[in-house]
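Data file: structure-v6.cif. Format and content: mmCIF, C-alpha atoms.
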```cif
data_target
#
loop_
_atom_site.label_atom_id
_atom_site.label_comp_id
_atom_site.auth_asym_id
_atom_site.auth_seq_id
_atom_site.Cartn_x
_atom_site.Cartn_y
_atom_site.Cartn_z
CA MET S 147 -41.86 -16.05 -68.15
CA GLU S 148 -40.43 -18.46 -65.63
CA LYS S 149 -41.28 -17.72 -62.05
CA LYS S 150 -38.17 -17.23 -59.93
CA LYS S 151 -37.83 -19.37 -56.84
CA ILE S 152 -37.78 -16.90 -53.97
CA LYS S 153 -35.76 -18.03 -50.95
CA LYS S 154 -37.65 -17.71 -47.71
CA VAL S 155 -35.87 -15.12 -45.56
CA PHE S 156 -38.32 -14.24 -42.78
CA VAL S 157 -38.71 -16.53 -39.81
CA GLU S 158 -41.31 -16.06 -37.09
CA GLY S 159 -39.65 -14.91 -33.85
CA ALA S 160 -36.03 -15.50 -32.86
CA ILE S 161 -33.46 -17.48 -34.86
CA SER S 162 -32.16 -20.27 -32.63
CA PRO S 163 -28.44 -21.02 -32.17
CA GLU S 164 -29.26 -24.66 -32.98
CA PHE S 165 -30.60 -23.55 -36.36
CA VAL S 166 -27.31 -21.77 -37.03
CA GLY S 167 -25.40 -24.93 -36.05
CA GLU S 168 -27.57 -27.05 -38.34
CA SER S 169 -27.09 -24.61 -41.22
CA ILE S 170 -23.33 -24.90 -40.80
CA ALA S 171 -23.52 -28.70 -40.65
CA LYS S 172 -25.35 -28.84 -44.00
CA HIS S 173 -22.26 -27.40 -45.70
CA SER S 174 -19.96 -30.30 -44.82
CA THR S 175 -20.92 -31.98 -48.10
CA LYS S 176 -19.79 -28.93 -50.09
CA LYS S 177 -16.13 -29.78 -50.09
CA ASP S 178 -14.99 -26.94 -52.31
CA ILE S 179 -15.81 -24.46 -49.52
CA GLY S 180 -12.77 -23.16 -47.65
CA ALA S 181 -14.32 -20.34 -45.62
CA HIS S 182 -17.61 -19.41 -44.01
CA SER S 183 -18.43 -15.95 -42.74
CA ILE S 184 -21.41 -15.53 -40.44
CA PHE S 185 -23.04 -12.42 -39.06
CA LEU S 186 -25.60 -12.60 -36.26
CA GLY S 187 -27.63 -9.67 -35.01
CA GLN S 188 -28.65 -10.06 -31.37
CA VAL S 189 -31.27 -7.93 -29.60
CA ARG S 190 -29.60 -5.61 -27.06
CA ASN S 191 -31.08 -4.49 -23.74
CA ASP S 192 -30.40 -0.80 -24.35
CA VAL S 193 -31.43 1.49 -21.52
CA ILE S 194 -33.20 4.65 -22.70
CA ASP S 195 -34.34 7.26 -20.20
CA GLY S 196 -33.92 4.70 -17.44
CA LYS S 197 -36.07 2.07 -19.12
CA GLU S 198 -34.62 -1.20 -20.39
CA VAL S 199 -35.53 -2.72 -23.75
CA LYS S 200 -36.90 -6.23 -23.25
CA ALA S 201 -37.73 -7.17 -26.86
CA ILE S 202 -37.93 -5.91 -30.43
CA ASP S 203 -41.07 -6.46 -32.47
CA TYR S 204 -40.20 -6.60 -36.17
CA THR S 205 -42.65 -5.69 -38.91
CA SER S 206 -42.00 -5.28 -42.62
CA TYR S 207 -43.43 -4.23 -45.94
CA LEU S 208 -43.35 -7.89 -46.82
CA GLU S 209 -43.70 -7.84 -50.62
CA MET S 210 -41.08 -5.13 -51.02
CA ALA S 211 -38.75 -6.68 -48.43
CA VAL S 212 -38.85 -10.07 -50.16
CA GLU S 213 -38.04 -8.37 -53.47
CA LYS S 214 -35.22 -6.39 -51.85
CA PHE S 215 -33.68 -9.48 -50.25
CA GLU S 216 -33.79 -11.18 -53.65
CA GLU S 217 -32.11 -8.17 -55.28
CA ILE S 218 -29.39 -8.19 -52.59
CA ARG S 219 -28.89 -11.95 -53.16
CA GLU S 220 -28.47 -11.49 -56.89
CA ASP S 221 -26.18 -8.47 -56.58
CA THR S 222 -24.02 -10.30 -54.04
CA PHE S 223 -23.66 -13.40 -56.21
CA GLY S 224 -22.78 -11.05 -59.10
CA LYS S 225 -20.09 -9.22 -57.15
CA PHE S 226 -18.52 -12.09 -55.19
CA ASP S 227 -17.62 -15.61 -56.26
CA LEU S 228 -19.58 -17.43 -53.56
CA THR S 229 -20.51 -21.07 -53.17
CA CYS S 230 -23.46 -20.37 -50.86
CA MET S 231 -25.43 -17.55 -49.33
CA HIS S 232 -28.18 -17.67 -46.72
CA ILE S 233 -30.11 -14.83 -45.15
CA TYR S 234 -32.64 -15.12 -42.33
CA HIS S 235 -34.41 -12.24 -40.62
CA SER S 236 -36.89 -12.38 -37.77
CA HIS S 237 -40.47 -11.22 -38.04
CA GLY S 238 -42.48 -10.52 -34.90
CA CYS S 239 -41.16 -10.49 -31.36
CA VAL S 240 -37.52 -11.25 -30.44
CA ASN S 241 -36.38 -10.96 -26.81
CA THR S 242 -33.09 -9.42 -25.71
CA GLY S 243 -30.25 -11.92 -25.99
CA GLU S 244 -31.97 -13.65 -28.92
CA ILE S 245 -30.90 -13.54 -32.56
CA SER S 246 -32.88 -11.60 -35.17
CA LEU S 247 -30.55 -11.63 -38.19
CA PHE S 248 -28.42 -14.45 -39.60
CA VAL S 249 -26.29 -13.87 -42.69
CA PHE S 250 -24.12 -16.77 -43.88
CA THR S 251 -21.73 -16.71 -46.84
CA SER S 252 -19.35 -19.42 -48.04
CA SER S 253 -16.61 -19.42 -50.63
CA LYS S 254 -13.34 -21.04 -51.60
CA HIS S 255 -11.27 -18.30 -49.96
CA ARG S 256 -11.82 -16.22 -46.86
CA SER S 257 -11.71 -12.69 -48.23
CA LEU S 258 -14.67 -13.23 -50.56
CA ALA S 259 -16.83 -14.81 -47.87
CA ILE S 260 -16.02 -12.05 -45.37
CA GLU S 261 -16.51 -9.16 -47.79
CA ALA S 262 -19.76 -10.58 -49.13
CA CYS S 263 -21.16 -11.11 -45.64
CA THR S 264 -20.40 -7.52 -44.62
CA TYR S 265 -21.82 -6.21 -47.90
CA ILE S 266 -25.09 -8.09 -47.35
CA VAL S 267 -25.48 -6.95 -43.73
CA ASN S 268 -24.91 -3.30 -44.67
CA ARG S 269 -27.42 -3.47 -47.52
CA ILE S 270 -30.04 -5.17 -45.34
CA LYS S 271 -29.69 -2.50 -42.66
CA SER S 272 -30.05 0.37 -45.11
CA GLU S 273 -32.33 -0.94 -47.86
CA VAL S 274 -34.80 -3.53 -46.60
CA PRO S 275 -38.16 -2.18 -45.39
CA VAL S 276 -38.15 -3.72 -41.93
CA TRP S 277 -38.91 -1.84 -38.73
CA GLY S 278 -37.99 -2.74 -35.19
CA LYS S 279 -40.18 -1.54 -32.34
CA GLU S 280 -38.20 -1.56 -29.10
CA ILE S 281 -40.49 -2.70 -26.31
CA PHE S 282 -39.59 -1.63 -22.77
CA GLU S 283 -40.23 -3.48 -19.53
CA ASP S 284 -43.33 -1.36 -18.86
CA ASP S 285 -44.68 -2.20 -22.35
CA SER S 286 -44.09 1.31 -23.65
CA PHE S 287 -42.09 1.40 -26.87
CA GLN S 288 -39.96 3.41 -29.26
CA TRP S 289 -38.99 2.81 -32.88
CA LYS S 290 -35.47 1.52 -33.33
CA ILE S 291 -33.00 3.66 -35.30
CA ASN S 292 -30.22 2.00 -37.32
CA ASN S 293 -26.88 3.75 -37.38
CA MET Q 85 4.21 -12.83 -10.61
CA GLU Q 86 0.65 -13.86 -11.27
CA LYS Q 87 0.23 -16.60 -13.80
CA LYS Q 88 -2.05 -15.56 -16.66
CA LYS Q 89 -4.97 -17.78 -17.44
CA ILE Q 90 -4.34 -19.02 -20.96
CA LYS Q 91 -7.49 -19.76 -22.93
CA LYS Q 92 -7.41 -23.18 -24.56
CA VAL Q 93 -7.40 -22.69 -28.33
CA PHE Q 94 -6.42 -26.06 -29.79
CA VAL Q 95 -8.99 -28.81 -30.09
CA GLU Q 96 -8.19 -32.35 -31.18
CA GLY Q 97 -9.56 -33.00 -34.68
CA ALA Q 98 -12.45 -31.16 -36.32
CA ILE Q 99 -14.59 -28.47 -34.69
CA SER Q 100 -18.21 -29.62 -34.82
CA PRO Q 101 -21.07 -27.40 -36.06
CA GLU Q 102 -22.91 -28.31 -32.84
CA PHE Q 103 -20.05 -26.82 -30.83
CA VAL Q 104 -20.42 -23.59 -32.83
CA GLY Q 105 -24.18 -23.59 -32.14
CA GLU Q 106 -23.57 -24.16 -28.43
CA SER Q 107 -20.99 -21.37 -28.30
CA ILE Q 108 -23.53 -18.98 -29.83
CA ALA Q 109 -26.23 -20.10 -27.38
CA LYS Q 110 -23.97 -19.27 -24.41
CA HIS Q 111 -24.09 -15.60 -25.41
CA SER Q 112 -27.84 -15.18 -24.97
CA THR Q 113 -27.24 -14.11 -21.36
CA LYS Q 114 -24.93 -11.28 -22.49
CA LYS Q 115 -27.65 -8.84 -23.34
CA ASP Q 116 -25.41 -5.91 -24.18
CA ILE Q 117 -24.21 -7.76 -27.29
CA GLY Q 118 -25.73 -6.49 -30.53
CA ALA Q 119 -23.59 -8.26 -33.10
CA HIS Q 120 -21.64 -11.48 -33.51
CA SER Q 121 -19.15 -12.11 -36.28
CA ILE Q 122 -18.00 -15.66 -36.93
CA PHE Q 123 -15.35 -17.03 -39.23
CA LEU Q 124 -15.07 -20.73 -39.97
CA GLY Q 125 -12.27 -22.34 -41.93
CA GLN Q 126 -13.36 -25.53 -43.65
CA VAL Q 127 -10.99 -28.09 -45.21
CA ARG Q 128 -11.25 -28.01 -49.03
CA ASN Q 129 -10.87 -30.99 -51.35
CA ASP Q 130 -8.38 -29.24 -53.64
CA VAL Q 131 -7.23 -31.30 -56.60
CA ILE Q 132 -3.47 -31.08 -57.21
CA ASP Q 133 -1.91 -32.94 -60.14
CA GLY Q 134 -5.06 -35.03 -60.42
CA LYS Q 135 -5.06 -36.08 -56.77
CA GLU Q 136 -7.75 -34.96 -54.36
CA VAL Q 137 -7.04 -33.78 -50.82
CA LYS Q 138 -8.98 -35.92 -48.33
CA ALA Q 139 -7.77 -34.37 -45.05
CA ILE Q 140 -5.38 -31.90 -43.47
CA ASP Q 141 -3.18 -32.98 -40.57
CA TYR Q 142 -2.36 -29.96 -38.40
CA THR Q 143 0.75 -29.73 -36.27
CA SER Q 144 2.10 -26.75 -34.34
CA TYR Q 145 4.95 -25.38 -32.32
CA LEU Q 146 2.61 -25.61 -29.38
CA GLU Q 147 4.31 -23.36 -26.80
CA MET Q 148 4.90 -20.58 -29.30
CA ALA Q 149 1.44 -20.95 -30.86
CA VAL Q 150 -0.27 -20.68 -27.47
CA GLU Q 151 1.74 -17.54 -26.73
CA LYS Q 152 0.92 -16.10 -30.17
CA PHE Q 153 -2.80 -16.76 -29.77
CA GLU Q 154 -2.65 -15.01 -26.39
CA GLU Q 155 -0.83 -12.02 -27.93
CA ILE Q 156 -3.45 -11.82 -30.71
CA ARG Q 157 -6.24 -11.96 -28.08
CA GLU Q 158 -4.72 -9.12 -26.10
CA ASP Q 159 -3.98 -6.97 -29.15
CA THR Q 160 -7.52 -7.49 -30.44
CA PHE Q 161 -9.13 -6.52 -27.13
CA GLY Q 162 -6.84 -3.47 -27.11
CA LYS Q 163 -7.81 -2.38 -30.61
CA PHE Q 164 -11.54 -3.17 -30.62
CA ASP Q 165 -14.19 -2.62 -27.97
CA LEU Q 166 -15.41 -6.22 -27.80
CA THR Q 167 -17.65 -7.99 -25.32
CA CYS Q 168 -16.34 -11.46 -26.17
CA MET Q 169 -13.74 -13.23 -28.25
CA HIS Q 170 -13.24 -16.95 -28.83
CA ILE Q 171 -10.67 -18.71 -30.98
CA TYR Q 172 -10.50 -22.45 -31.66
CA HIS Q 173 -8.06 -24.18 -33.98
CA SER Q 174 -7.83 -27.85 -34.82
CA HIS Q 175 -4.82 -29.99 -34.04
CA GLY Q 176 -4.36 -33.34 -35.80
CA CYS Q 177 -6.46 -34.69 -38.63
CA VAL Q 178 -9.46 -32.84 -40.11
CA ASN Q 179 -11.30 -34.31 -43.10
CA THR Q 180 -12.51 -32.29 -46.09
CA GLY Q 181 -15.84 -30.63 -45.36
CA GLU Q 182 -14.97 -30.37 -41.66
CA ILE Q 183 -14.12 -27.20 -39.75
CA SER Q 184 -10.57 -26.48 -38.56
CA LEU Q 185 -10.78 -22.83 -37.44
CA PHE Q 186 -13.51 -21.02 -35.50
CA VAL Q 187 -13.13 -17.33 -34.66
CA PHE Q 188 -16.02 -15.66 -32.83
CA THR Q 189 -16.22 -11.98 -31.84
CA SER Q 190 -19.10 -10.12 -30.20
CA SER Q 191 -19.70 -6.45 -29.55
CA LYS Q 192 -22.36 -3.82 -29.12
CA HIS Q 193 -22.21 -2.75 -32.76
CA ARG Q 194 -21.57 -4.69 -35.92
CA SER Q 195 -18.58 -2.91 -37.39
CA LEU Q 196 -16.36 -3.67 -34.39
CA ALA Q 197 -17.28 -7.35 -34.29
CA ILE Q 198 -16.72 -7.75 -38.04
CA GLU Q 199 -13.41 -5.86 -38.15
CA ALA Q 200 -12.06 -7.65 -35.10
CA CYS Q 201 -12.97 -11.06 -36.50
CA THR Q 202 -11.21 -10.35 -39.80
CA TYR Q 203 -8.20 -8.94 -37.97
CA ILE Q 204 -7.87 -12.09 -35.85
CA VAL Q 205 -8.21 -14.46 -38.82
CA ASN Q 206 -5.55 -12.59 -40.80
CA ARG Q 207 -3.14 -12.60 -37.87
CA ILE Q 208 -3.69 -16.30 -37.19
CA LYS Q 209 -2.98 -17.18 -40.82
CA SER Q 210 0.22 -15.18 -40.96
CA GLU Q 211 1.65 -15.34 -37.43
CA VAL Q 212 0.73 -18.54 -35.63
CA PRO Q 213 3.18 -21.43 -36.03
CA VAL Q 214 0.74 -24.05 -37.29
CA TRP Q 215 1.28 -26.24 -40.33
CA GLY Q 216 -1.25 -28.10 -42.41
CA LYS Q 217 -0.21 -31.25 -44.21
CA GLU Q 218 -2.60 -31.96 -47.06
CA ILE Q 219 -3.18 -35.70 -47.28
CA PHE Q 220 -4.29 -37.09 -50.63
CA GLU Q 221 -6.49 -40.11 -51.31
CA ASP Q 222 -3.45 -42.30 -51.94
CA ASP Q 223 -1.92 -41.17 -48.59
CA SER Q 224 0.77 -39.10 -50.27
CA PHE Q 225 0.91 -35.52 -48.98
CA GLN Q 226 2.05 -31.97 -49.55
CA TRP Q 227 2.45 -29.05 -47.17
CA LYS Q 228 -0.35 -26.52 -47.37
CA ILE Q 229 0.53 -22.95 -48.41
CA ASN Q 230 -1.49 -20.02 -47.06
CA ASN Q 231 -2.10 -17.15 -49.44
CA MET V 28 26.98 -25.34 -23.83
CA GLU V 29 23.93 -26.94 -25.50
CA ILE V 30 21.52 -25.47 -28.02
CA ASN V 31 18.25 -27.29 -28.59
CA ILE V 32 17.02 -27.33 -32.18
CA LEU V 33 13.36 -27.90 -32.99
CA THR V 34 12.06 -28.52 -36.51
CA PHE V 35 8.56 -28.43 -37.93
CA GLY V 36 6.62 -29.23 -41.10
CA GLN V 37 8.69 -29.72 -44.23
CA ILE V 38 11.90 -28.95 -42.28
CA THR V 39 11.34 -32.15 -40.31
CA ASP V 40 10.91 -33.99 -43.62
CA ILE V 41 14.46 -32.84 -44.45
CA THR V 42 16.18 -33.32 -41.09
CA GLY V 43 14.36 -36.56 -40.29
CA LYS V 44 13.92 -35.59 -36.64
CA THR V 45 11.90 -33.04 -34.71
CA SER V 46 14.58 -32.12 -32.17
CA PHE V 47 18.31 -32.45 -31.67
CA ILE V 48 21.14 -30.74 -29.83
CA TYR V 49 24.15 -28.76 -31.06
CA SER V 50 27.08 -27.81 -28.86
CA ASP V 51 29.50 -24.92 -29.08
CA ILE V 52 27.48 -22.71 -31.39
CA ASN V 53 27.45 -19.04 -30.41
CA ASN V 54 24.96 -17.40 -32.70
CA THR V 55 22.16 -18.14 -35.14
CA ASP V 56 24.21 -17.46 -38.27
CA SER V 57 26.77 -20.10 -37.27
CA LEU V 58 23.97 -22.48 -36.41
CA ILE V 59 22.31 -22.06 -39.81
CA LYS V 60 25.68 -22.60 -41.50
CA GLU V 61 26.20 -25.87 -39.59
CA LEU V 62 22.66 -27.02 -40.28
CA THR V 63 22.95 -26.26 -43.97
CA LYS V 64 26.19 -28.28 -44.08
CA ALA V 65 24.41 -31.21 -42.43
CA PHE V 66 21.20 -30.86 -44.45
CA PRO V 67 21.96 -29.19 -47.81
CA GLU V 68 18.30 -29.42 -48.82
CA LEU V 69 17.56 -26.64 -46.31
CA THR V 70 18.81 -24.12 -48.87
CA SER V 71 15.86 -25.03 -51.11
CA ILE V 72 13.26 -23.99 -48.57
CA LYS V 73 12.10 -20.73 -47.00
CA TYR V 74 11.98 -20.73 -43.22
CA SER V 75 12.07 -18.43 -40.20
CA VAL V 76 14.10 -18.83 -37.05
CA ALA V 77 12.77 -18.41 -33.51
CA VAL V 78 14.97 -18.26 -30.43
CA ASN V 79 13.06 -19.14 -27.28
CA GLN V 80 9.78 -18.66 -29.17
CA GLN V 81 10.66 -15.21 -30.49
CA LEU V 82 11.24 -14.76 -34.21
CA VAL V 83 14.71 -13.36 -34.94
CA HIS V 84 15.52 -11.55 -38.15
CA VAL V 85 19.20 -10.76 -37.58
CA ASN V 86 22.13 -12.78 -36.29
CA THR V 87 21.43 -13.46 -32.64
CA VAL V 88 23.71 -14.56 -29.80
CA LEU V 89 22.89 -17.99 -28.40
CA ASN V 90 23.26 -19.03 -24.78
CA ASP V 91 23.30 -22.38 -23.07
CA LYS V 92 19.89 -24.16 -23.19
CA ASP V 93 18.48 -21.78 -25.75
CA ILE V 94 15.79 -23.29 -27.96
CA VAL V 95 16.09 -22.55 -31.65
CA ALA V 96 13.12 -23.44 -33.83
CA LEU V 97 13.20 -23.67 -37.62
CA LEU V 98 9.77 -22.64 -38.88
CA PRO V 99 8.62 -23.18 -42.46
CA PRO V 100 5.87 -20.83 -43.73
CA PHE V 101 2.81 -21.06 -41.50
CA SER V 102 -0.32 -22.64 -42.93
CA GLY V 103 -2.85 -22.75 -40.14
CA GLY V 104 -6.52 -21.95 -40.44
CA MET R 17 -59.36 6.04 -60.01
CA GLU R 18 -58.13 4.58 -56.74
CA ILE R 19 -54.71 4.83 -55.10
CA ASN R 20 -53.92 2.42 -52.26
CA ILE R 21 -51.88 3.89 -49.44
CA LEU R 22 -49.86 1.66 -47.12
CA THR R 23 -48.24 2.89 -43.92
CA PHE R 24 -45.60 1.31 -41.67
CA GLY R 25 -43.86 1.81 -38.35
CA GLN R 26 -44.21 5.23 -36.77
CA ILE R 27 -46.24 6.45 -39.78
CA THR R 28 -48.98 4.02 -38.78
CA ASP R 29 -48.80 5.45 -35.26
CA ILE R 30 -49.71 8.82 -36.84
CA THR R 31 -52.33 7.74 -39.38
CA GLY R 32 -53.90 5.16 -37.10
CA LYS R 33 -54.35 2.66 -39.92
CA THR R 34 -52.08 0.53 -42.08
CA SER R 35 -53.93 1.03 -45.36
CA PHE R 36 -56.50 3.29 -46.91
CA ILE R 37 -57.61 4.53 -50.33
CA TYR R 38 -57.45 7.95 -51.99
CA SER R 39 -59.30 8.84 -55.16
CA ASP R 40 -58.53 11.42 -57.84
CA ILE R 41 -54.88 11.96 -56.99
CA ASN R 42 -52.60 12.16 -60.00
CA ASN R 43 -49.10 12.24 -58.63
CA THR R 44 -47.08 11.65 -55.47
CA ASP R 45 -46.59 15.34 -54.66
CA SER R 46 -50.36 15.91 -54.58
CA LEU R 47 -50.80 12.79 -52.52
CA ILE R 48 -48.22 13.92 -49.94
CA LYS R 49 -49.93 17.31 -49.79
CA GLU R 50 -53.30 15.69 -49.09
CA LEU R 51 -51.84 13.32 -46.52
CA THR R 52 -50.06 16.14 -44.72
CA LYS R 53 -53.34 18.06 -44.58
CA ALA R 54 -55.08 15.04 -43.06
CA PHE R 55 -52.18 14.15 -40.73
CA PRO R 56 -50.13 17.27 -39.92
CA GLU R 57 -47.80 15.23 -37.68
CA LEU R 58 -46.32 13.71 -40.86
CA THR R 59 -44.24 16.85 -41.32
CA SER R 60 -42.35 15.98 -38.12
CA ILE R 61 -41.05 12.68 -39.45
CA LYS R 62 -38.63 11.58 -42.15
CA TYR R 63 -40.00 9.01 -44.58
CA SER R 64 -39.53 7.64 -48.08
CA VAL R 65 -42.20 6.96 -50.67
CA ALA R 66 -42.46 3.78 -52.74
CA VAL R 67 -44.80 3.38 -55.71
CA ASN R 68 -45.53 -0.26 -56.45
CA GLN R 69 -42.58 -1.27 -54.24
CA GLN R 70 -40.08 1.01 -55.99
CA LEU R 71 -38.67 3.97 -54.08
CA VAL R 72 -39.39 7.27 -55.85
CA HIS R 73 -37.32 10.38 -55.26
CA VAL R 74 -39.11 12.82 -57.57
CA ASN R 75 -42.74 13.63 -58.21
CA THR R 76 -44.22 10.55 -59.89
CA VAL R 77 -47.42 10.10 -61.90
CA LEU R 78 -49.97 7.79 -60.25
CA ASN R 79 -52.29 5.45 -62.09
CA ASP R 80 -55.40 3.59 -61.03
CA LYS R 81 -54.67 0.81 -58.51
CA ASP R 82 -51.15 2.02 -57.83
CA ILE R 83 -49.86 1.18 -54.37
CA VAL R 84 -48.09 3.99 -52.56
CA ALA R 85 -46.19 3.07 -49.39
CA LEU R 86 -44.96 5.56 -46.79
CA LEU R 87 -41.76 4.16 -45.31
CA PRO R 88 -40.11 5.55 -42.17
CA PRO R 89 -36.33 4.95 -41.81
CA PHE R 90 -35.59 1.21 -41.92
CA SER R 91 -34.38 -0.46 -38.76
CA GLY R 92 -34.04 -4.14 -39.55
CA GLY R 93 -31.23 -6.41 -38.47
#
```

Would you give me this structure, written as structure tokens?
Amino acid sequence: MEKKKIKKVFVEGAISPEFVGESIAKHSTKKDIGAHSIFLGQVRNDVIDGKEVKAIDYTSYLEMAVEKFEEIREDTFGKFDLTCMHIYHSHGCVNTGEISLFVFTSSKHRSLAIEACTYIVNRIKSEVPVWGKEIFEDDSFQWKINN
Amino acid sequence: MEKKKIKKVFVEGAISPEFVGESIAKHSTKKDIGAHSIFLGQVRNDVIDGKEVKAIDYTSYLEMAVEKFEEIREDTFGKFDLTCMHIYHSHGCVNTGEISLFVFTSSKHRSLAIEACTYIVNRIKSEVPVWGKEIFEDDSFQWKINN
Amino acid sequence: MEINILTFGQITDITGKTSFIYSDINNTDSLIKELTKAFPELTSIKYSVAVNQQLVHVNTVLNDKDIVALLPPFSGG
Amino acid sequence: MEINILTFGQITDITGKTSFIYSDINNTDSLIKELTKAFPELTSIKYSVAVNQQLVHVNTVLNDKDIVALLPPFSGG
């Protein structure tokens, strides 16, 4: 059995805006693309019981998460006629104002790119075993809840 | 009567990926943002009757377009609880593989940012008086049709 | 009385100029009739009409210095 | 027979360790019962169970070397 090439999704710490810019730039050679849709998750400084979140520390069930990301990739390519798809998720500590999720879809026409991007983000939020620990200024914490 | 500050939407030529990266970076100080949604329109090398598009030359009815963009901005802020909204559209020549439209919405939660971004893109495509002239390799042309 | 006409996109390809002036035209229907007489090819193309940057969908009275724009289907983005 | 237990997020806060081993447990229901006995706080929290990285929603037979993960609600992104 051939071993599938697994795309690397997790990055250590925050995803930099420059990295997003560079990812976009790489697509200028793919001249059949007409539309890119990008989603970025940014860490919010929520205030809970008077304490402000200063960072989120992400952990995962790595083996299962990698498999889940791969399943989402395959399902998305099956459902939408995309030229490209890229998913990056932070692992470890990401400060407020920094980016922890980067989903990037490209296709000939806009509706496919947009729908696919939204589909991926929703599946990541509900199906991938990743946990965010919200760290407050005083170093106390609470576990993040996705809605 | 107070004169409204009109945001500059049109940029001469292509929108660079670095500019997109820099725009994202500027939002790291807005710590109540949880989600960014970005749409990028890229010029496709469509082949029509055996001839390949090499660029699109954008012209507009500038005064009306500026007013329309402003109306779309206001309607979008009215409909969606957004933190930020940015719209950039190319004027003049944009080569295949380059970016001609950049729509960027940010909000606390993802669904608002995503819906607002899609709403803006759809309204731009159908309501803003901009025309794309598809230039072929042999310098002949045809007028682009939005679907 | 002067009405300023602006053309864009493939309309300009037909009229050969981006702006010109018509006199003694009182409403958009009359204007379109005159334009179609001058440029018969206009009948072969779909376009909208804006008076002072507002799209008009019915016959509209024109006043001195009004700006009438002939807008082929938009294709921005 | 050995079953490997993995814990994550707030479950680890309760169990105090990220992995441990149980012997002579034949199915997930029995395992949950044993775990709840050892860590009563588990009853206060919602979690899913994965056997060898697959979520299971009904009582599932366990075999030697199976990996059972206790997964609190996901909060990635």

S:Ser252, S:Met210, S:Arg190, S:Glu244 ranked by distance to R:Asn68, top pick (using all atoms listed in the file):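 Ranking S:Ser252, S:Met210, S:Arg190, S:Glu244 by distance to R:Asn68, first place goes to S:Met210.
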
Residues of chain Q within 10 Å of chain S, counting all atoms listed in the file, as a count of residues only: 59

Computed interatomic separation between atom CA of V:Tyr74 and atom CA of V:Leu98 (Å): 5.2 Å

Of the listed residues S:Tyr234, S:Phe223, S:Tyr207, S:Trp289, that which approaches S:Ala160 most closely, counting all atoms listed in the file: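 Ranked by minimum distance to S:Ala160, first place goes to S:Tyr234.
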
Chain V post-superposition (all in-order Cα pairs with chain R) as a short mmCIF file (atom, residue, chain, number, x, y, z; two decimals) with C-alpha atoms, in the coordinates of the input:
```cif
data_model
loop_
_atom_site.label_atom_id
_atom_site.label_comp_id
_atom_site.auth_asym_id
_atom_site.auth_seq_id
_atom_site.Cartn_x
_atom_site.Cartn_y
_atom_site.Cartn_z
CA MET V 28 -59.36 6.05 -60.02
CA GLU V 29 -58.12 4.58 -56.71
CA ILE V 30 -54.71 4.83 -55.10
CA ASN V 31 -53.92 2.44 -52.28
CA ILE V 32 -51.87 3.89 -49.43
CA LEU V 33 -49.86 1.66 -47.12
CA THR V 34 -48.22 2.89 -43.92
CA PHE V 35 -45.60 1.32 -41.70
CA GLY V 36 -43.85 1.82 -38.36
CA GLN V 37 -44.21 5.24 -36.79
CA ILE V 38 -46.25 6.45 -39.81
CA THR V 39 -48.98 4.02 -38.79
CA ASP V 40 -48.81 5.45 -35.26
CA ILE V 41 -49.71 8.82 -36.84
CA THR V 42 -52.33 7.74 -39.38
CA GLY V 43 -53.92 5.16 -37.09
CA LYS V 44 -54.35 2.68 -39.94
CA THR V 45 -52.08 0.55 -42.08
CA SER V 46 -53.93 1.02 -45.38
CA PHE V 47 -56.51 3.30 -46.93
CA ILE V 48 -57.61 4.53 -50.33
CA TYR V 49 -57.45 7.96 -51.98
CA SER V 50 -59.29 8.84 -55.17
CA ASP V 51 -58.52 11.40 -57.84
CA ILE V 52 -54.88 11.97 -56.99
CA ASN V 53 -52.58 12.15 -60.01
CA ASN V 54 -49.09 12.24 -58.63
CA THR V 55 -47.08 11.65 -55.47
CA ASP V 56 -46.59 15.33 -54.66
CA SER V 57 -50.35 15.91 -54.58
CA LEU V 58 -50.78 12.78 -52.51
CA ILE V 59 -48.23 13.91 -49.92
CA LYS V 60 -49.92 17.32 -49.77
CA GLU V 61 -53.31 15.69 -49.08
CA LEU V 62 -51.83 13.33 -46.52
CA THR V 63 -50.05 16.13 -44.72
CA LYS V 64 -53.34 18.07 -44.58
CA ALA V 65 -55.05 15.03 -43.06
CA PHE V 66 -52.18 14.12 -40.73
CA PRO V 67 -50.13 17.26 -39.92
CA GLU V 68 -47.80 15.23 -37.70
CA LEU V 69 -46.32 13.70 -40.86
CA THR V 70 -44.25 16.86 -41.31
CA SER V 71 -42.35 15.99 -38.12
CA ILE V 72 -41.06 12.70 -39.46
CA LYS V 73 -38.63 11.59 -42.16
CA TYR V 74 -40.00 9.02 -44.58
CA SER V 75 -39.54 7.64 -48.09
CA VAL V 76 -42.20 6.95 -50.67
CA ALA V 77 -42.47 3.77 -52.74
CA VAL V 78 -44.80 3.37 -55.70
CA ASN V 79 -45.53 -0.27 -56.44
CA GLN V 80 -42.57 -1.28 -54.26
CA GLN V 81 -40.09 1.01 -55.98
CA LEU V 82 -38.68 3.97 -54.07
CA VAL V 83 -39.40 7.27 -55.85
CA HIS V 84 -37.34 10.37 -55.24
CA VAL V 85 -39.11 12.83 -57.55
CA ASN V 86 -42.76 13.62 -58.20
CA THR V 87 -44.23 10.57 -59.87
CA VAL V 88 -47.42 10.10 -61.89
CA LEU V 89 -49.95 7.80 -60.25
CA ASN V 90 -52.29 5.45 -62.08
CA ASP V 91 -55.39 3.59 -61.03
CA LYS V 92 -54.66 0.80 -58.48
CA ASP V 93 -51.15 2.01 -57.81
CA ILE V 94 -49.85 1.18 -54.35
CA VAL V 95 -48.08 3.98 -52.54
CA ALA V 96 -46.18 3.07 -49.39
CA LEU V 97 -44.96 5.55 -46.79
CA LEU V 98 -41.75 4.15 -45.32
CA PRO V 99 -40.12 5.54 -42.19
CA PRO V 100 -36.35 4.94 -41.83
CA PHE V 101 -35.59 1.22 -41.95
CA SER V 102 -34.38 -0.46 -38.78
CA GLY V 103 -34.06 -4.13 -39.56
CA GLY V 104 -31.25 -6.39 -38.47
#
```
